[in-house]
Amino acid sequence: GRRREGGSRGAGRMKRIFGVRKKKDPPPSLEDATSNINARGDNVDSKIKKLDAQLAQYKEQMKKMRPGPSQEAVKRRALVILKQKRMYEGQREQLYQQTFNLENAAFATQNIKDNITQVQAMKAAHKEFKQAFKAKELDINYIDNMQDDMMDMMDMTNEINETLGRAYDVPDDVDESDLMDELDALEFELGEEAEAETEEVPSYLQEQELPSAPSEPVQTEEEQTGADEFGVPEAVKN
C-alpha cells in the first residue's frame with residue numbers, strides 16, 4: 001500500500017514539474033478549410049456590394065452637381081471607395097483560387113480513397129474467386145468428362161426408346177392408294193350400319209316430320225265467311 005502511495009506521489013510531482021500532455025486536436029479537414037474560405041468570400045462579397053451602393057450614390061450626386069469644388073470633393077470620395085472595391089475584388093480572386101485548389105485536393109483525396117476501397121474489394125473477390133476454383137466441380141477435365149458421359153447416356157436412351165417403340169408384324173409396303181381404298185371401305189361399312197339401325201327401329205318410334213309453320217297470318221272464321229265481329233254476314237248487311 002505504501003509503495004502505491006509513493007508511486008502516485010511521484011507521478012503527481014512529475015506532472016507538476018513537466019506538466020500534463022494535452023490531447024492534440026485532429027487537424028482540420030479539407031471540407032472545414034473550404035467552408036472557412038467560402039465564409040470569408042461571402043464576407044468580402046457583402047463588402048463589395050456595400051461599396052457598389054456607395055459608388056452609385058456618388059454617381060447620382062455628381063450628375064446633379066455642377067462642375068466645381070463640390071463635385072471634385074465627391075469625386076475624391078468616390079475614388080477612395082473605388083480603390084477599396086478593387087482591393088476587396090483582389091482578395092475575392094485569391095479566395096476563389098484557394099477554394100479551387102482545396103476542391104481539387106479534396107477530389108484527389110477522395111479519388112485515392114475510392115481507389116483503395118476498389119482495390120480492397122477486388123482483392124477480396126480475387127481470394128474468393130481463387131478459392132472457388134479449387135472446387136472439383138469447376139475442374140475443366142471433370143466437366144469435359146461429365147459432358148461426354150451425358151452425351152453417351154442420351155444416345156443410349158434414344159436407342160432404347162427406338163428399340164422399345166418398334167412395331168410388330170406391321171407391313172411396310174402401304175402407300176397412299178391403299179390408304180384411300182381403306183377409307184372408302186370404312187365409309188361404306190359405316191353407311192350400311194346406319195341403314196341397319198334405321199330398319200330395326202319401329203315406325204311408330206321413328207321421328208315423324210312435322211309440317212312447317214305457316215309464313216302468313218292465319219285468318220279467323222269471321223274473316224273466312226265474310227262476317228263482322230258480331231257474326232253477321234256482310235251480304236246480309238248490304
# chains A, B, ... in the order shown; residues from 1 in each chain; ligands from 1
>>> residues_around(residues="stretch 53-58 of chain A", least_positions_apart="6", cutoff="9 Å", atoms="only C-alpha atoms", output="PyMOL selection string")
chain A and resi 74-75+77-79+81-82
>>> write_last_selection(atoms="all heavy atoms", output="CSV table (one decimal), in the first residue's frame")
chain,number,residue,atom,x,y,z
A,74,VAL,N,-16.7,65.2,-54.2
A,74,VAL,CA,-17.4,63.9,-54.3
A,74,VAL,C,-16.7,62.9,-55.1
A,74,VAL,O,-16.6,61.7,-54.8
A,74,VAL,CB,-18.8,64.2,-54.9
A,74,VAL,CG1,-19.6,62.9,-55.2
A,74,VAL,CG2,-19.7,65.1,-54.0
A,75,LYS,N,-16.0,63.4,-56.1
A,75,LYS,CA,-15.1,62.5,-57.0
A,75,LYS,C,-14.0,61.9,-56.1
A,75,LYS,O,-13.7,60.7,-56.3
A,75,LYS,CB,-14.6,63.3,-58.1
A,75,LYS,CG,-15.6,63.6,-59.3
A,75,LYS,CD,-14.9,64.3,-60.4
A,75,LYS,CE,-15.9,64.6,-61.5
A,75,LYS,NZ,-15.2,65.3,-62.7
A,77,ARG,N,-14.0,61.3,-52.9
A,77,ARG,CA,-14.5,60.3,-52.0
A,77,ARG,C,-14.9,59.0,-52.8
A,77,ARG,O,-14.7,57.9,-52.4
A,77,ARG,CB,-15.8,60.8,-51.3
A,77,ARG,CG,-15.5,61.8,-50.2
A,77,ARG,CD,-16.6,62.1,-49.3
A,77,ARG,NE,-17.8,62.6,-50.0
A,77,ARG,CZ,-18.0,64.0,-50.1
A,77,ARG,NH1,-17.1,64.8,-49.6
A,77,ARG,NH2,-19.0,64.4,-50.8
A,78,ALA,N,-15.4,59.2,-54.0
A,78,ALA,CA,-15.8,58.1,-54.9
A,78,ALA,C,-14.5,57.3,-55.3
A,78,ALA,O,-14.5,56.1,-55.4
A,78,ALA,CB,-16.5,58.5,-56.1
A,79,LEU,N,-13.4,58.0,-55.5
A,79,LEU,CA,-12.2,57.4,-55.9
A,79,LEU,C,-11.6,56.5,-54.7
A,79,LEU,O,-11.1,55.4,-55.0
A,79,LEU,CB,-11.1,58.4,-56.3
A,79,LEU,CG,-9.8,57.9,-56.8
A,79,LEU,CD1,-10.0,57.1,-58.0
A,79,LEU,CD2,-8.8,59.1,-57.1
A,81,ILE,N,-13.5,55.0,-52.5
A,81,ILE,CA,-14.4,53.9,-52.4
A,81,ILE,C,-14.0,52.9,-53.5
A,81,ILE,O,-14.0,51.7,-53.3
A,81,ILE,CB,-15.9,54.3,-52.6
A,81,ILE,CG1,-16.3,55.2,-51.4
A,81,ILE,CG2,-16.8,53.1,-52.6
A,81,ILE,CD1,-16.2,54.5,-50.0
A,82,LEU,N,-13.7,53.4,-54.7
A,82,LEU,CA,-13.3,52.5,-55.8
A,82,LEU,C,-12.0,51.8,-55.5
A,82,LEU,O,-11.9,50.6,-55.9
A,82,LEU,CB,-13.2,53.4,-57.1
A,82,LEU,CG,-12.8,52.6,-58.4
A,82,LEU,CD1,-13.9,51.5,-58.7
A,82,LEU,CD2,-12.6,53.5,-59.6
>>> closest_residue(among="A:Leu190, A:Leu138, A:Ala185, A:Leu102", to="A:Leu30", atoms="only C-alpha atoms")
A:Leu102
>>> residues_around(residues="A:Thr109", least_positions_apart="6", cutoff="12 Å", atoms="only C-alpha atoms", output="VMD selection string")
chain A and resid 29 to 31 102 to 103 115 to 116
>>> write_last_selection(atoms="N, CA, C and O atoms", output="PDB file, in the first residue's frame")
ATOM      1  N   SER A  29     -10.015  19.324 -41.632  1.00  0.00           N
ATOM      2  CA  SER A  29     -10.195  18.595 -42.892  1.00  0.00           C
ATOM      3  C   SER A  29     -10.285  19.591 -44.051  1.00  0.00           C
ATOM      4  O   SER A  29     -10.411  20.802 -43.861  1.00  0.00           O
ATOM      5  N   LEU A  30     -10.196  19.049 -45.250  1.00  0.00           N
ATOM      6  CA  LEU A  30     -10.327  19.887 -46.439  1.00  0.00           C
ATOM      7  C   LEU A  30     -11.710  20.520 -46.524  1.00  0.00           C
ATOM      8  O   LEU A  30     -11.857  21.661 -46.977  1.00  0.00           O
ATOM      9  N   GLU A  31     -12.709  19.792 -46.072  1.00  0.00           N
ATOM     10  CA  GLU A  31     -14.068  20.347 -46.092  1.00  0.00           C
ATOM     11  C   GLU A  31     -14.175  21.531 -45.136  1.00  0.00           C
ATOM     12  O   GLU A  31     -14.810  22.557 -45.473  1.00  0.00           O
ATOM     13  N   LEU A 102      -8.391  23.839 -52.971  1.00  0.00           N
ATOM     14  CA  LEU A 102      -8.875  22.918 -51.941  1.00  0.00           C
ATOM     15  C   LEU A 102      -9.844  21.888 -52.516  1.00  0.00           C
ATOM     16  O   LEU A 102      -9.806  20.706 -52.138  1.00  0.00           O
ATOM     17  N   GLU A 103     -10.707  22.324 -53.409  1.00  0.00           N
ATOM     18  CA  GLU A 103     -11.657  21.389 -54.011  1.00  0.00           C
ATOM     19  C   GLU A 103     -10.930  20.347 -54.858  1.00  0.00           C
ATOM     20  O   GLU A 103     -11.309  19.166 -54.873  1.00  0.00           O
ATOM     21  N   ASN A 115     -10.079   4.528 -54.770  1.00  0.00           N
ATOM     22  CA  ASN A 115      -9.210   3.536 -55.409  1.00  0.00           C
ATOM     23  C   ASN A 115      -8.776   2.459 -54.411  1.00  0.00           C
ATOM     24  O   ASN A 115      -8.728   1.263 -54.749  1.00  0.00           O
ATOM     25  N   ILE A 116      -8.458   2.898 -53.194  1.00  0.00           N
ATOM     26  CA  ILE A 116      -8.068   1.928 -52.170  1.00  0.00           C
ATOM     27  C   ILE A 116      -9.224   0.969 -51.872  1.00  0.00           C
ATOM     28  O   ILE A 116      -9.045  -0.254 -51.771  1.00  0.00           O
TER      29      ILE A 116
END
>>> atom_distance(atom1="atom CA of A:Pro28", atom2="atom CA of A:Ala106")
12.5 Å
>>> residues_around(residues="A:Glu93", least_positions_apart="5", cutoff="12 Å", atoms="only C-alpha atoms", output="list in words")
Ile37, Asn38, Arg40, Gly41, Val44, Asp45, Arg86, Met87, Tyr88, Gln98, Thr99 and Phe100 of chain A
>>> write_last_selection(atoms="C-alpha atoms", output="compact mmCIF listing (two decimals), in the first residue's frame")
# COMPACT_ATOMS: atom_id res chain seq x y z
CA ILE A 37 -12.71 30.19 -47.10
CA ASN A 38 -16.22 30.27 -48.55
CA ARG A 40 -14.60 34.67 -45.90
CA GLY A 41 -15.54 35.03 -49.54
CA VAL A 44 -15.89 40.05 -48.94
CA ASP A 45 -18.81 39.87 -51.38
CA ARG A 86 -10.55 46.97 -56.18
CA MET A 87 -8.72 45.75 -53.07
CA TYR A 88 -11.64 43.58 -51.99
CA GLN A 98 -7.76 28.92 -52.79
CA THR A 99 -11.21 27.36 -52.89
CA PHE A 100 -10.44 25.88 -56.29
>>> closest_residue(among="A:Met151, A:Leu164, A:Ala39, A:Met156", to="A:Leu95", atoms="only C-alpha atoms")
A:Ala39
>>> select_by_dssp(residues="stretch 19-217 of chain A", states="alpha helix (DSSP H)", output="PyMOL selection string")
chain A and resi 30-64+69-132+140-164+176-200
>>> closest_residue(among="A:Asp42, A:Glu189, A:Asp148, A:Asp178", to="A:Gln91", atoms="only C-alpha atoms")
A:Asp42
>>> atom_distance(atom1="atom CA of A:Gln84", atom2="atom CA of A:Lys47")
9.4 Å
